[in-house]
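Just structure_7.cif here, mmCIF, C-alpha atoms:
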```
data_model
#
loop_
_atom_site.group_PDB
_atom_site.id
_atom_site.type_symbol
_atom_site.label_atom_id
_atom_site.label_comp_id
_atom_site.auth_asym_id
_atom_site.auth_seq_id
_atom_site.Cartn_x
_atom_site.Cartn_y
_atom_site.Cartn_z
ATOM 1 C CA MET E 248 -88.112 -101.039 163.758
ATOM 2 C CA LEU E 249 -89.338 -98.931 160.828
ATOM 3 C CA PRO E 250 -89.784 -101.900 158.414
ATOM 4 C CA HIS E 251 -91.799 -103.652 161.126
ATOM 5 C CA LEU E 252 -94.075 -100.614 161.505
ATOM 6 C CA LEU E 253 -94.489 -100.292 157.759
ATOM 7 C CA ASP E 254 -95.296 -103.997 157.481
ATOM 8 C CA VAL E 255 -98.089 -103.723 160.069
ATOM 9 C CA PHE E 256 -99.498 -100.617 158.417
ATOM 10 C CA PHE E 257 -99.364 -102.260 154.996
ATOM 11 C CA HIS E 258 -101.424 -105.181 156.245
ATOM 12 C CA LEU E 259 -103.932 -102.800 157.810
ATOM 13 C CA ARG E 260 -104.380 -101.045 154.476
ATOM 14 C CA GLN E 261 -104.868 -104.427 152.802
ATOM 15 C CA GLY E 262 -107.858 -104.962 155.087
ATOM 16 C CA LEU E 263 -106.822 -107.763 157.416
ATOM 17 C CA GLY E 264 -109.541 -108.603 159.933
ATOM 18 C CA ARG E 265 -113.274 -108.784 159.457
ATOM 19 C CA ASP E 266 -115.008 -106.445 157.068
ATOM 20 C CA VAL E 267 -118.580 -107.485 157.727
ATOM 21 C CA GLY E 268 -120.597 -104.584 159.080
ATOM 22 C CA GLY E 269 -121.301 -100.874 159.188
ATOM 23 C CA VAL E 270 -121.427 -98.286 161.946
ATOM 24 C CA ALA E 271 -123.581 -95.188 161.742
ATOM 25 C CA GLY E 272 -123.241 -92.038 163.778
ATOM 26 C CA PRO E 273 -125.173 -88.842 164.507
ATOM 27 C CA ASP E 274 -122.564 -86.407 163.385
ATOM 28 C CA ARG E 275 -119.940 -86.013 160.656
ATOM 29 C CA ASP E 276 -116.863 -83.943 161.520
ATOM 30 C CA ARG E 277 -113.517 -83.905 159.732
ATOM 31 C CA GLN E 278 -110.168 -84.401 161.435
ATOM 32 C CA GLN E 279 -106.650 -85.344 160.341
ATOM 33 C CA HIS E 280 -104.053 -87.443 162.120
ATOM 34 C CA ASP E 281 -100.434 -88.316 161.344
ATOM 35 C CA VAL E 282 -100.050 -91.950 162.334
ATOM 36 C CA HIS E 283 -96.763 -92.679 164.073
ATOM 37 C CA GLY E 284 -96.673 -96.154 165.623
ATOM 38 C CA ALA E 285 -98.188 -99.612 165.443
ATOM 39 C CA LYS E 286 -98.863 -102.813 167.342
ATOM 40 C CA ALA E 287 -96.164 -105.458 167.808
ATOM 41 C CA CYS E 288 -96.734 -108.887 166.261
ATOM 42 C CA ASP E 289 -95.508 -111.002 169.153
ATOM 43 C CA ARG E 290 -94.413 -110.782 172.791
ATOM 44 C CA LYS E 291 -90.733 -111.235 171.997
ATOM 45 C CA ALA E 292 -90.689 -108.189 169.765
ATOM 46 C CA ALA E 293 -92.611 -106.231 172.406
ATOM 47 C CA GLN E 294 -89.724 -106.622 174.871
ATOM 48 C CA GLN E 295 -87.448 -104.635 172.524
ATOM 49 C CA GLU E 296 -89.942 -102.095 171.241
ATOM 50 C CA PHE E 297 -89.386 -99.372 173.820
ATOM 51 C CA ARG E 298 -85.634 -99.236 173.105
ATOM 52 C CA LEU E 299 -86.040 -99.290 169.342
ATOM 53 C CA LEU E 300 -89.187 -97.190 168.967
ATOM 54 C CA ARG E 301 -89.054 -94.472 166.318
ATOM 55 C CA PHE E 302 -92.181 -92.472 165.586
ATOM 56 C CA ALA E 303 -91.939 -92.297 161.820
ATOM 57 C CA VAL E 304 -94.817 -90.701 159.955
ATOM 58 C CA LEU E 305 -96.559 -93.416 157.947
ATOM 59 C CA ALA E 306 -99.547 -91.649 156.449
ATOM 60 C CA ARG E 307 -101.925 -88.728 156.758
ATOM 61 C CA LEU E 308 -105.429 -90.030 157.376
ATOM 62 C CA HIS E 309 -108.601 -88.075 156.609
ATOM 63 C CA LEU E 310 -111.097 -89.096 159.262
ATOM 64 C CA GLU E 311 -114.854 -88.609 159.497
ATOM 65 C CA ARG E 312 -116.581 -88.647 162.892
ATOM 66 C CA ILE E 313 -119.244 -91.334 163.368
ATOM 67 C CA GLY E 314 -119.787 -91.295 167.137
ATOM 68 C CA GLY E 315 -118.165 -91.297 170.529
ATOM 69 C CA GLY E 316 -117.895 -93.190 173.806
ATOM 70 C CA ASN E 317 -117.067 -92.508 177.429
ATOM 71 C CA GLU E 318 -113.477 -91.462 176.710
ATOM 72 C CA THR E 319 -113.177 -91.663 172.934
ATOM 73 C CA GLU E 320 -114.153 -89.972 169.711
ATOM 74 C CA VAL E 321 -114.835 -92.492 166.955
ATOM 75 C CA TYR E 322 -113.973 -91.854 163.299
ATOM 76 C CA THR E 323 -113.873 -93.828 160.085
ATOM 77 C CA THR E 324 -111.308 -93.589 157.312
ATOM 78 C CA ASP E 325 -112.547 -92.045 154.083
ATOM 79 C CA ASP E 326 -112.441 -95.440 152.323
ATOM 80 C CA ARG E 327 -114.731 -96.949 155.004
ATOM 81 C CA ARG E 328 -112.297 -99.758 155.769
ATOM 82 C CA PHE E 329 -111.218 -98.883 159.305
ATOM 83 C CA VAL E 330 -112.608 -97.352 162.470
ATOM 84 C CA VAL E 331 -110.216 -95.050 164.342
ATOM 85 C CA LYS E 332 -110.887 -94.449 168.044
ATOM 86 C CA VAL E 333 -109.074 -91.424 169.443
ATOM 87 C CA LYS E 334 -108.540 -91.456 173.209
ATOM 88 C CA CYS E 335 -109.610 -87.950 174.218
ATOM 89 C CA ASP E 336 -108.109 -85.914 177.070
ATOM 90 C CA ASN E 337 -105.172 -88.313 177.098
ATOM 91 C CA TYR E 338 -102.252 -86.234 175.832
ATOM 92 C CA ASP E 339 -98.718 -87.216 176.800
ATOM 93 C CA GLU E 340 -95.232 -87.781 175.469
ATOM 94 C CA PRO E 341 -95.052 -90.579 172.888
ATOM 95 C CA GLU E 342 -92.903 -92.776 175.148
ATOM 96 C CA ALA E 343 -95.495 -92.603 177.965
ATOM 97 C CA LEU E 344 -98.320 -93.255 175.524
ATOM 98 C CA PHE E 345 -96.417 -96.244 174.209
ATOM 99 C CA ARG E 346 -96.460 -97.823 177.675
ATOM 100 C CA GLN E 347 -100.201 -97.156 177.866
ATOM 101 C CA ALA E 348 -100.644 -98.762 174.456
ATOM 102 C CA GLN E 349 -98.829 -101.877 175.660
ATOM 103 C CA ALA E 350 -101.083 -102.111 178.729
ATOM 104 C CA ARG E 351 -104.261 -101.593 176.697
ATOM 105 C CA ARG E 352 -103.145 -104.115 174.111
ATOM 106 C CA ALA E 353 -102.567 -106.708 176.845
ATOM 107 C CA ALA E 354 -106.044 -106.021 178.252
ATOM 108 C CA ALA E 355 -107.613 -106.204 174.781
ATOM 109 C CA ASN E 356 -105.932 -109.536 174.084
ATOM 110 C CA ALA E 357 -107.145 -110.883 177.428
ATOM 111 C CA PHE E 358 -110.731 -109.714 176.831
ATOM 112 C CA ALA E 359 -110.749 -111.105 173.293
ATOM 113 C CA GLY E 360 -109.518 -114.436 174.586
ATOM 114 C CA ALA E 361 -112.182 -114.445 177.282
ATOM 115 C CA ILE E 362 -115.163 -113.893 174.975
ATOM 116 C CA GLY E 363 -113.795 -116.025 172.134
ATOM 117 C CA PRO E 364 -112.665 -115.338 168.561
ATOM 118 C CA GLU E 365 -116.216 -115.567 167.213
ATOM 119 C CA HIS E 366 -117.178 -112.452 169.206
ATOM 120 C CA SER E 367 -113.980 -110.376 168.972
ATOM 121 C CA LEU E 368 -112.291 -108.029 166.516
ATOM 122 C CA PRO E 369 -108.579 -107.322 165.971
ATOM 123 C CA THR E 370 -107.526 -104.049 167.599
ATOM 124 C CA TYR E 371 -104.309 -102.202 166.713
ATOM 125 C CA TYR E 372 -102.970 -99.511 169.059
ATOM 126 C CA LEU E 373 -101.153 -96.609 167.444
ATOM 127 C CA ILE E 374 -99.791 -93.258 168.548
ATOM 128 C CA ALA E 375 -101.005 -90.321 166.475
ATOM 129 C CA ARG E 376 -100.351 -86.597 166.418
ATOM 130 C CA ASN E 377 -103.421 -84.430 165.908
ATOM 131 C CA ASN E 378 -103.737 -81.085 164.126
ATOM 132 C CA ASP E 379 -102.510 -79.260 167.254
ATOM 133 C CA GLY E 380 -99.334 -81.334 167.367
ATOM 134 C CA GLN E 381 -100.402 -83.292 170.455
ATOM 135 C CA ALA E 382 -99.656 -87.014 170.682
ATOM 136 C CA GLN E 383 -102.693 -89.190 171.396
ATOM 137 C CA LEU E 384 -103.388 -92.885 171.745
ATOM 138 C CA VAL E 385 -105.437 -94.326 168.876
ATOM 139 C CA ALA E 386 -107.119 -97.706 168.421
ATOM 140 C CA VAL E 387 -107.785 -99.029 164.915
ATOM 141 C CA GLN E 388 -110.311 -101.747 164.051
ATOM 142 C CA PRO E 389 -111.920 -103.023 160.853
ATOM 143 C CA TYR E 390 -114.959 -101.054 159.754
ATOM 144 C CA LEU E 391 -118.021 -103.279 160.100
ATOM 145 C CA ARG E 392 -120.343 -103.302 157.116
ATOM 146 C CA GLN E 393 -123.989 -104.352 157.316
ATOM 147 C CA ALA E 394 -123.941 -104.287 161.127
ATOM 148 C CA GLN E 395 -125.586 -102.200 163.825
ATOM 149 C CA SER E 396 -125.228 -101.807 167.562
ATOM 150 C CA LEU E 397 -127.773 -103.603 169.728
ATOM 151 C CA ALA E 398 -129.079 -100.165 170.733
ATOM 152 C CA GLN E 399 -130.356 -99.775 167.155
ATOM 153 C CA VAL E 400 -131.818 -103.258 166.642
ATOM 154 C CA ASP E 401 -135.567 -103.702 166.130
ATOM 155 C CA TYR E 402 -135.978 -107.064 167.836
ATOM 156 C CA ALA E 403 -139.587 -107.442 166.744
ATOM 157 C CA SER E 404 -138.405 -107.526 163.116
ATOM 158 C CA LEU E 405 -136.131 -110.524 163.729
ATOM 159 C CA SER E 406 -137.402 -114.014 163.058
ATOM 160 C CA GLY E 407 -137.873 -116.463 165.907
ATOM 161 C CA LEU E 408 -134.783 -118.384 164.797
ATOM 162 C CA GLU E 409 -132.696 -115.189 164.700
ATOM 163 C CA ARG E 410 -133.873 -114.181 168.184
ATOM 164 C CA ARG E 411 -132.988 -117.606 169.600
ATOM 165 C CA HIS E 412 -129.552 -117.453 167.992
ATOM 166 C CA LEU E 413 -128.994 -113.942 169.379
ATOM 167 C CA ALA E 414 -130.191 -114.962 172.860
ATOM 168 C CA THR E 415 -127.784 -117.910 172.860
ATOM 169 C CA GLN E 416 -124.889 -115.616 171.988
ATOM 170 C CA LEU E 417 -125.818 -113.070 174.677
ATOM 171 C CA ARG E 418 -126.047 -115.718 177.386
ATOM 172 C CA GLN E 419 -122.723 -117.121 176.246
ATOM 173 C CA LEU E 420 -121.086 -113.684 176.496
ATOM 174 C CA ILE E 421 -122.465 -113.218 180.011
ATOM 175 C CA ARG E 422 -121.188 -116.626 181.146
ATOM 176 C CA ARG E 423 -117.748 -116.054 179.644
ATOM 177 C CA SER E 424 -117.506 -112.560 181.163
ATOM 178 C CA LEU E 425 -118.410 -113.897 184.615
ATOM 179 C CA SER E 426 -115.907 -116.738 184.277
ATOM 180 C CA PHE E 427 -113.166 -114.299 183.284
ATOM 181 C CA TYR E 428 -114.060 -112.046 186.234
ATOM 182 C CA ARG E 429 -113.770 -114.944 188.687
ATOM 183 C CA HIS E 430 -110.289 -115.761 187.388
ATOM 184 C CA SER E 431 -108.880 -112.276 186.754
ATOM 185 C CA GLY E 432 -110.951 -109.680 188.629
ATOM 186 C CA GLN E 433 -111.689 -107.916 185.316
ATOM 187 C CA MET E 434 -114.517 -107.945 182.837
ATOM 188 C CA PRO E 435 -114.995 -106.574 179.293
ATOM 189 C CA ASP E 436 -117.522 -103.747 178.992
ATOM 190 C CA LEU E 437 -120.443 -105.284 177.107
ATOM 191 C CA TYR E 438 -122.600 -102.148 177.473
ATOM 192 C CA GLY E 439 -120.897 -98.850 176.618
ATOM 193 C CA ARG E 440 -121.941 -95.213 176.598
ATOM 194 C CA THR E 441 -122.452 -92.831 173.726
ATOM 195 C CA HIS E 442 -122.772 -89.100 173.131
ATOM 196 C CA ALA E 443 -123.731 -86.830 170.257
ATOM 197 C CA ASP E 444 -120.601 -84.636 170.226
ATOM 198 C CA PRO E 445 -117.448 -83.845 172.257
ATOM 199 C CA ALA E 446 -119.213 -81.087 174.218
ATOM 200 C CA GLU E 447 -121.857 -83.541 175.418
ATOM 201 C CA ARG E 448 -119.169 -86.063 176.373
ATOM 202 C CA ARG E 449 -117.387 -83.475 178.520
ATOM 203 C CA ARG E 450 -120.671 -82.382 180.136
ATOM 204 C CA LEU E 451 -121.772 -85.951 180.947
ATOM 205 C CA ASN E 452 -118.396 -86.676 182.560
ATOM 206 C CA ARG E 453 -118.614 -83.689 184.939
ATOM 207 C CA TRP E 454 -119.062 -84.366 188.656
ATOM 208 C CA PHE E 455 -122.562 -82.855 188.841
ATOM 209 C CA MET E 456 -123.773 -85.429 186.286
ATOM 210 C CA LEU E 457 -122.963 -88.325 188.635
ATOM 211 C CA PRO E 458 -126.637 -88.874 189.659
ATOM 212 C CA TRP E 459 -127.601 -89.086 185.976
ATOM 213 C CA ARG E 460 -124.778 -91.541 185.243
ATOM 214 C CA LEU E 461 -125.831 -93.738 188.162
ATOM 215 C CA TRP E 462 -129.475 -93.648 187.010
ATOM 216 C CA CYS E 463 -128.449 -94.717 183.525
ATOM 217 C CA PHE E 464 -126.098 -97.381 184.856
ATOM 218 C CA PHE E 465 -128.694 -99.098 187.031
ATOM 219 C CA PHE E 466 -131.954 -98.472 185.185
ATOM 220 C CA ARG E 467 -131.400 -97.539 181.535
ATOM 221 C CA ARG E 468 -128.283 -99.353 180.335
ATOM 222 C CA ILE E 469 -129.308 -102.915 179.558
ATOM 223 C CA LEU E 470 -127.470 -105.455 177.452
ATOM 224 C CA LEU E 471 -130.118 -105.481 174.713
ATOM 225 C CA ARG E 472 -129.418 -101.751 174.205
ATOM 226 C CA SER E 473 -125.650 -102.088 174.196
ATOM 227 C CA HIS E 474 -123.474 -99.678 172.217
ATOM 228 C CA ASN E 475 -120.429 -101.974 172.457
ATOM 229 C CA LEU E 476 -121.985 -105.062 170.874
ATOM 230 C CA MET E 477 -122.554 -105.048 167.120
ATOM 231 C CA LEU E 478 -124.969 -107.421 165.392
ATOM 232 C CA THR E 479 -123.996 -108.350 161.837
ATOM 233 C CA GLY E 480 -126.502 -108.742 159.041
ATOM 234 C CA ALA E 481 -128.349 -111.853 157.953
ATOM 235 C CA PRO E 482 -127.762 -114.696 157.655
ATOM 236 C CA GLN E 483 -124.806 -114.852 160.109
ATOM 237 C CA ARG E 484 -126.204 -112.539 162.820
ATOM 238 C CA GLU E 485 -122.933 -112.604 164.751
ATOM 239 C CA LEU E 486 -122.381 -110.573 167.909
ATOM 240 C CA LEU E 487 -119.059 -108.701 167.955
ATOM 241 C CA LEU E 488 -117.575 -106.718 170.827
ATOM 242 C CA VAL E 489 -115.966 -103.472 169.639
ATOM 243 C CA ASP E 490 -114.660 -101.970 172.926
ATOM 244 C CA TYR E 491 -111.724 -103.581 174.738
ATOM 245 C CA ASP E 492 -110.716 -100.792 177.123
ATOM 246 C CA PRO E 493 -110.113 -101.777 180.768
ATOM 247 C CA VAL E 494 -111.635 -99.793 183.634
ATOM 248 C CA GLN E 495 -109.070 -97.103 184.508
ATOM 249 C CA ARG E 496 -110.005 -96.437 188.143
ATOM 250 C CA SER E 497 -108.987 -97.429 191.660
ATOM 251 C CA GLN E 498 -109.210 -100.998 192.899
ATOM 252 C CA LEU E 499 -112.188 -100.103 195.143
ATOM 253 C CA TYR E 500 -114.034 -98.491 192.231
ATOM 254 C CA ARG E 501 -113.410 -101.523 190.029
ATOM 255 C CA ARG E 502 -114.651 -103.907 192.712
ATOM 256 C CA LEU E 503 -117.875 -101.943 193.213
ATOM 257 C CA TYR E 504 -118.373 -101.528 189.470
ATOM 258 C CA TYR E 505 -117.876 -105.200 188.631
ATOM 259 C CA THR E 506 -120.020 -106.359 191.574
ATOM 260 C CA ALA E 507 -122.882 -104.199 190.318
ATOM 261 C CA ARG E 508 -122.401 -105.538 186.786
ATOM 262 C CA CYS E 509 -122.544 -109.131 188.018
ATOM 263 C CA LEU E 510 -125.813 -108.452 189.827
ATOM 264 C CA LEU E 511 -127.337 -106.635 186.848
ATOM 265 C CA PHE E 512 -126.609 -109.588 184.576
ATOM 266 C CA GLY E 513 -129.540 -111.282 186.334
ATOM 267 C CA ARG E 514 -131.840 -108.533 185.080
ATOM 268 C CA ASP E 515 -130.375 -108.918 181.598
ATOM 269 C CA TYR E 516 -131.149 -112.634 181.590
ATOM 270 C CA PHE E 517 -134.822 -111.748 182.116
ATOM 271 C CA PHE E 518 -134.876 -109.185 179.285
ATOM 272 C CA ILE E 519 -133.081 -111.642 176.984
ATOM 273 C CA TRP E 520 -135.829 -114.174 177.707
ATOM 274 C CA LEU E 521 -138.504 -111.583 176.872
ATOM 275 C CA MET E 522 -136.741 -110.719 173.627
ATOM 276 C CA GLU E 523 -136.337 -114.371 172.661
ATOM 277 C CA ARG E 524 -139.956 -115.289 173.349
ATOM 278 C CA PHE E 525 -141.856 -112.150 172.320
ATOM 279 C CA GLY E 526 -139.425 -109.872 170.439
ATOM 280 C CA TYR E 527 -139.764 -107.260 173.202
ATOM 281 C CA SER E 528 -137.013 -105.087 174.632
ATOM 282 C CA PRO E 529 -137.222 -101.934 176.802
ATOM 283 C CA LYS E 530 -136.096 -98.781 175.082
ATOM 284 C CA GLY E 531 -133.270 -98.290 177.558
#
```

Just give me the structure of the file as structure tokens.
Amino acid sequence: MLPHLLDVFFHLRQGLGRDVGGVAGPDRDRQQHDVHGAKACDRKAAQQEFRLLRFAVLARLHLERIGGGNETEVYTTDDRRFVVKVKCDNYDEPEALFRQAQARRAAANAFAGAIGPEHSLPTYYLIARNNDGQAQLVAVQPYLRQAQSLAQVDYASLSGLERRHLATQLRQLIRRSLSFYRHSGQMPDLYGRTHADPAERRRLNRWFMLPWRLWCFFFRRILLRSHNLMLTGAPQRELLLVDYDPVQRSQLYRRLYYTARCLLFGRDYFFIWLMERFGYSPKG
């Protein structure tokens, strides 16, 4: 198993995957992780991984914080070649985390297949041990250069041709997400949440912040202000999804959540039309 892990890590260090954009964040903290595991290359190998798994230390990574999501802290490696997403508040034994990594990898592969290769990034799931010795699940993706989240885009500065190309891609992502939902009962998160620091993430996830989260969900979080969709620089102007996490809640919660998302896509179609025609987008 160890040569297989080293082979995957070697290819990561060589920069496989897209290297086309950049991500900026509000805050720069330092953290170190000892990387212990890696993604399997095919389904056949995955059937034997749990029996053969050995958590050998591959490297010590120096990470710099660039942002955070609903359940993650996002870092970049010091060479700006990879983004490392640490799953916060998700500490467990490595064997249990390995099963979670398998499930998340399957969901990521399904979401990537649903939206298409032109809109997806490779995602590698690892198990890392932080400075406190706790094992955590980690996702690794290529660092995007010359790219920005839709939340940061000045649509008025785009040319008419660029806005039409972007609108076409957004409508395509909506259609593919709805088609995947009809067939699987799941949907990739095209929107995303962000926070300035870990303390704010914990505060926003508290029960008394539920009214604020609902307000943001229904009235402030629109597709044109997405944190999960990155727009690459000219001339390609590709849209890339960077979050492939499934919704980790009850079946009832997922049904209500996805039903609301399907309805709100209608509102997004209207805002996409406004952006395409006039370069206008609400602040979100």

Using only C-alpha atoms, find all polymer residues with an atom at most 12 Å away from the point (-131.8, -115.4, 165.6); report them as a CSV table (one decimal) with C-alpha atoms, keeping the file's coordinate frame.
```csv
chain,number,residue,atom,x,y,z
E,402,TYR,CA,-136.0,-107.1,167.8
E,403,ALA,CA,-139.6,-107.4,166.7
E,404,SER,CA,-138.4,-107.5,163.1
E,405,LEU,CA,-136.1,-110.5,163.7
E,406,SER,CA,-137.4,-114.0,163.1
E,407,GLY,CA,-137.9,-116.5,165.9
E,408,LEU,CA,-134.8,-118.4,164.8
E,409,GLU,CA,-132.7,-115.2,164.7
E,410,ARG,CA,-133.9,-114.2,168.2
E,411,ARG,CA,-133.0,-117.6,169.6
E,412,HIS,CA,-129.6,-117.5,168.0
E,413,LEU,CA,-129.0,-113.9,169.4
E,414,ALA,CA,-130.2,-115.0,172.9
E,415,THR,CA,-127.8,-117.9,172.9
E,416,GLN,CA,-124.9,-115.6,172.0
E,417,LEU,CA,-125.8,-113.1,174.7
E,478,LEU,CA,-125.0,-107.4,165.4
E,479,THR,CA,-124.0,-108.4,161.8
E,480,GLY,CA,-126.5,-108.7,159.0
E,481,ALA,CA,-128.3,-111.9,158.0
E,482,PRO,CA,-127.8,-114.7,157.7
E,483,GLN,CA,-124.8,-114.9,160.1
E,484,ARG,CA,-126.2,-112.5,162.8
E,485,GLU,CA,-122.9,-112.6,164.8
E,486,LEU,CA,-122.4,-110.6,167.9
E,522,MET,CA,-136.7,-110.7,173.6
E,523,GLU,CA,-136.3,-114.4,172.7
E,524,ARG,CA,-140.0,-115.3,173.3
E,526,GLY,CA,-139.4,-109.9,170.4
```

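Proximity of E:Val494, E:Leu425, E:Ser473, E:Asn317 to Arg460 in chain E, computed with all atoms listed in the file, is greatest for E:Asn317.
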
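Considering only C-alpha atoms, the residue among E:Leu368, E:Leu437, E:Val333, E:Leu511 positioned nearest to Phe466 in chain E is E:Leu511.
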
Find the residues around Ile469 in chain E up to 10 Å (all atoms listed in the file counted), leave out those fewer than 5 positions away in its own chain, and share them as an mmCIF file with C-alpha atoms, in the coordinates of the input.
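And here is the file that came out, selection-v2.cif:
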```cif
data_model
loop_
_atom_site.group_PDB
_atom_site.id
_atom_site.type_symbol
_atom_site.label_atom_id
_atom_site.label_comp_id
_atom_site.auth_asym_id
_atom_site.auth_seq_id
_atom_site.Cartn_x
_atom_site.Cartn_y
_atom_site.Cartn_z
ATOM 1 C CA LEU E 397 -127.773 -103.603 169.728
ATOM 2 C CA ALA E 398 -129.079 -100.165 170.733
ATOM 3 C CA LEU E 437 -120.443 -105.284 177.107
ATOM 4 C CA TYR E 438 -122.600 -102.148 177.473
ATOM 5 C CA GLY E 439 -120.897 -98.850 176.618
ATOM 6 C CA CYS E 463 -128.449 -94.717 183.525
ATOM 7 C CA PHE E 464 -126.098 -97.381 184.856
ATOM 8 C CA HIS E 474 -123.474 -99.678 172.217
ATOM 9 C CA LEU E 511 -127.337 -106.635 186.848
ATOM 10 C CA PHE E 512 -126.609 -109.588 184.576
ATOM 11 C CA ARG E 514 -131.840 -108.533 185.080
ATOM 12 C CA ASP E 515 -130.375 -108.918 181.598
ATOM 13 C CA PHE E 518 -134.876 -109.185 179.285
ATOM 14 C CA ILE E 519 -133.081 -111.642 176.984
ATOM 15 C CA SER E 528 -137.013 -105.087 174.632
ATOM 16 C CA PRO E 529 -137.222 -101.934 176.802
ATOM 17 C CA LYS E 530 -136.096 -98.781 175.082
ATOM 18 C CA GLY E 531 -133.270 -98.290 177.558
#
```

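Interatomic distance, CA of Pro389 in chain E against CA of Phe358 in chain E: 17.4 Å.
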
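Using all atoms listed in the file, the contacts of Met434 in chain E at a cut-off of 8 Å, with sequence neighbours closer than 4 positions omitted, comprise E:Phe358, E:Ser424, E:Leu425, E:Phe427, E:Tyr428, E:Pro493, E:Tyr505.
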
From the options E:Glu447, E:Glu311, E:Asp379, E:Asp401, which residue's atoms come nearest to Lys332 in chain E, counting only C-alpha atoms? E:Glu311

Tell me, in Å to one decimal, how far CA of Gly360 in chain E is from CA of Leu488 in chain E. 11.8 Å

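Among the candidates E:Leu521, E:Ile374, E:Met477, E:Leu461, the one nearest to Ala507 in chain E when counting all atoms listed in the file is E:Leu461.
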
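Taking CA of Pro445 in chain E and CA of Ala348 in chain E as the two end points, the separation is 22.6 Å.
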
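With distances taken over all atoms listed in the file, E:Ala361 is the one residue among E:Ala361, E:Val330, E:Val400, E:Ala353 lying closest to Ser426 in chain E.
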
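In this comparison, which uses all atoms listed in the file, the residue of E:Leu471, E:Leu384, E:Leu451, E:Val321 approaching Ala350 in chain E most closely is E:Leu384.
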
For the file shown, what are the residues hit by the PyMOL selection byres ((chain E and resi 320) around 10), laid out as an MDAnalysis selection string? chainID E and resid 312:319 321:322 331:335 385 441:442 444:445 448

Give the padded box for range 435-454 of chain E as AutoDock Vina command-line options: axis-aligned, covering all atoms listed in the file, 3 Å on each side, centre and edge lengths in Å to one decimal.
```
--center_x -119.4 --center_y -93.8 --center_z 179.4 --size_x 14.7 --size_y 31.5 --size_z 24.4
```

From the block you just saw, export range 495-506 of chain E: N, CA and C atoms, as a PDB file, in the first residue's frame.
```pdb
ATOM      1  N   GLN E 495     -24.792  16.581   4.775  1.00  0.00           N
ATOM      2  CA  GLN E 495     -24.676  15.570   5.825  1.00  0.00           C
ATOM      3  C   GLN E 495     -25.789  15.754   6.858  1.00  0.00           C
ATOM      4  N   ARG E 496     -27.024  15.597   6.444  1.00  0.00           N
ATOM      5  CA  ARG E 496     -28.159  15.746   7.364  1.00  0.00           C
ATOM      6  C   ARG E 496     -29.161  14.623   7.120  1.00  0.00           C
ATOM      7  N   SER E 497     -30.291  14.701   7.827  1.00  0.00           N
ATOM      8  CA  SER E 497     -31.320  13.675   7.707  1.00  0.00           C
ATOM      9  C   SER E 497     -31.983  13.726   6.333  1.00  0.00           C
ATOM     10  N   GLN E 498     -32.687  12.660   6.002  1.00  0.00           N
ATOM     11  CA  GLN E 498     -33.367  12.600   4.712  1.00  0.00           C
ATOM     12  C   GLN E 498     -34.407  13.699   4.589  1.00  0.00           C
ATOM     13  N   LEU E 499     -35.147  14.002   5.671  1.00  0.00           N
ATOM     14  CA  LEU E 499     -36.146  15.075   5.639  1.00  0.00           C
ATOM     15  C   LEU E 499     -35.482  16.420   5.391  1.00  0.00           C
ATOM     16  N   TYR E 500     -34.374  16.674   6.090  1.00  0.00           N
ATOM     17  CA  TYR E 500     -33.653  17.941   5.894  1.00  0.00           C
ATOM     18  C   TYR E 500     -33.198  18.065   4.444  1.00  0.00           C
ATOM     19  N   ARG E 501     -32.625  17.002   3.907  1.00  0.00           N
ATOM     20  CA  ARG E 501     -32.142  17.056   2.523  1.00  0.00           C
ATOM     21  C   ARG E 501     -33.282  17.317   1.549  1.00  0.00           C
ATOM     22  N   ARG E 502     -34.436  16.695   1.777  1.00  0.00           N
ATOM     23  CA  ARG E 502     -35.558  16.906   0.869  1.00  0.00           C
ATOM     24  C   ARG E 502     -36.017  18.364   0.904  1.00  0.00           C
ATOM     25  N   LEU E 503     -36.136  18.925   2.096  1.00  0.00           N
ATOM     26  CA  LEU E 503     -36.555  20.325   2.215  1.00  0.00           C
ATOM     27  C   LEU E 503     -35.511  21.260   1.601  1.00  0.00           C
ATOM     28  N   TYR E 504     -34.251  20.963   1.870  1.00  0.00           N
ATOM     29  CA  TYR E 504     -33.161  21.808   1.368  1.00  0.00           C
ATOM     30  C   TYR E 504     -33.134  21.811  -0.152  1.00  0.00           C
ATOM     31  N   TYR E 505     -33.179  20.628  -0.759  1.00  0.00           N
ATOM     32  CA  TYR E 505     -33.096  20.535  -2.211  1.00  0.00           C
ATOM     33  C   TYR E 505     -34.348  21.095  -2.884  1.00  0.00           C
ATOM     34  N   THR E 506     -35.522  20.914  -2.256  1.00  0.00           N
ATOM     35  CA  THR E 506     -36.743  21.499  -2.822  1.00  0.00           C
ATOM     36  C   THR E 506     -36.645  23.013  -2.866  1.00  0.00           C
TER      37      THR E 506
END
```
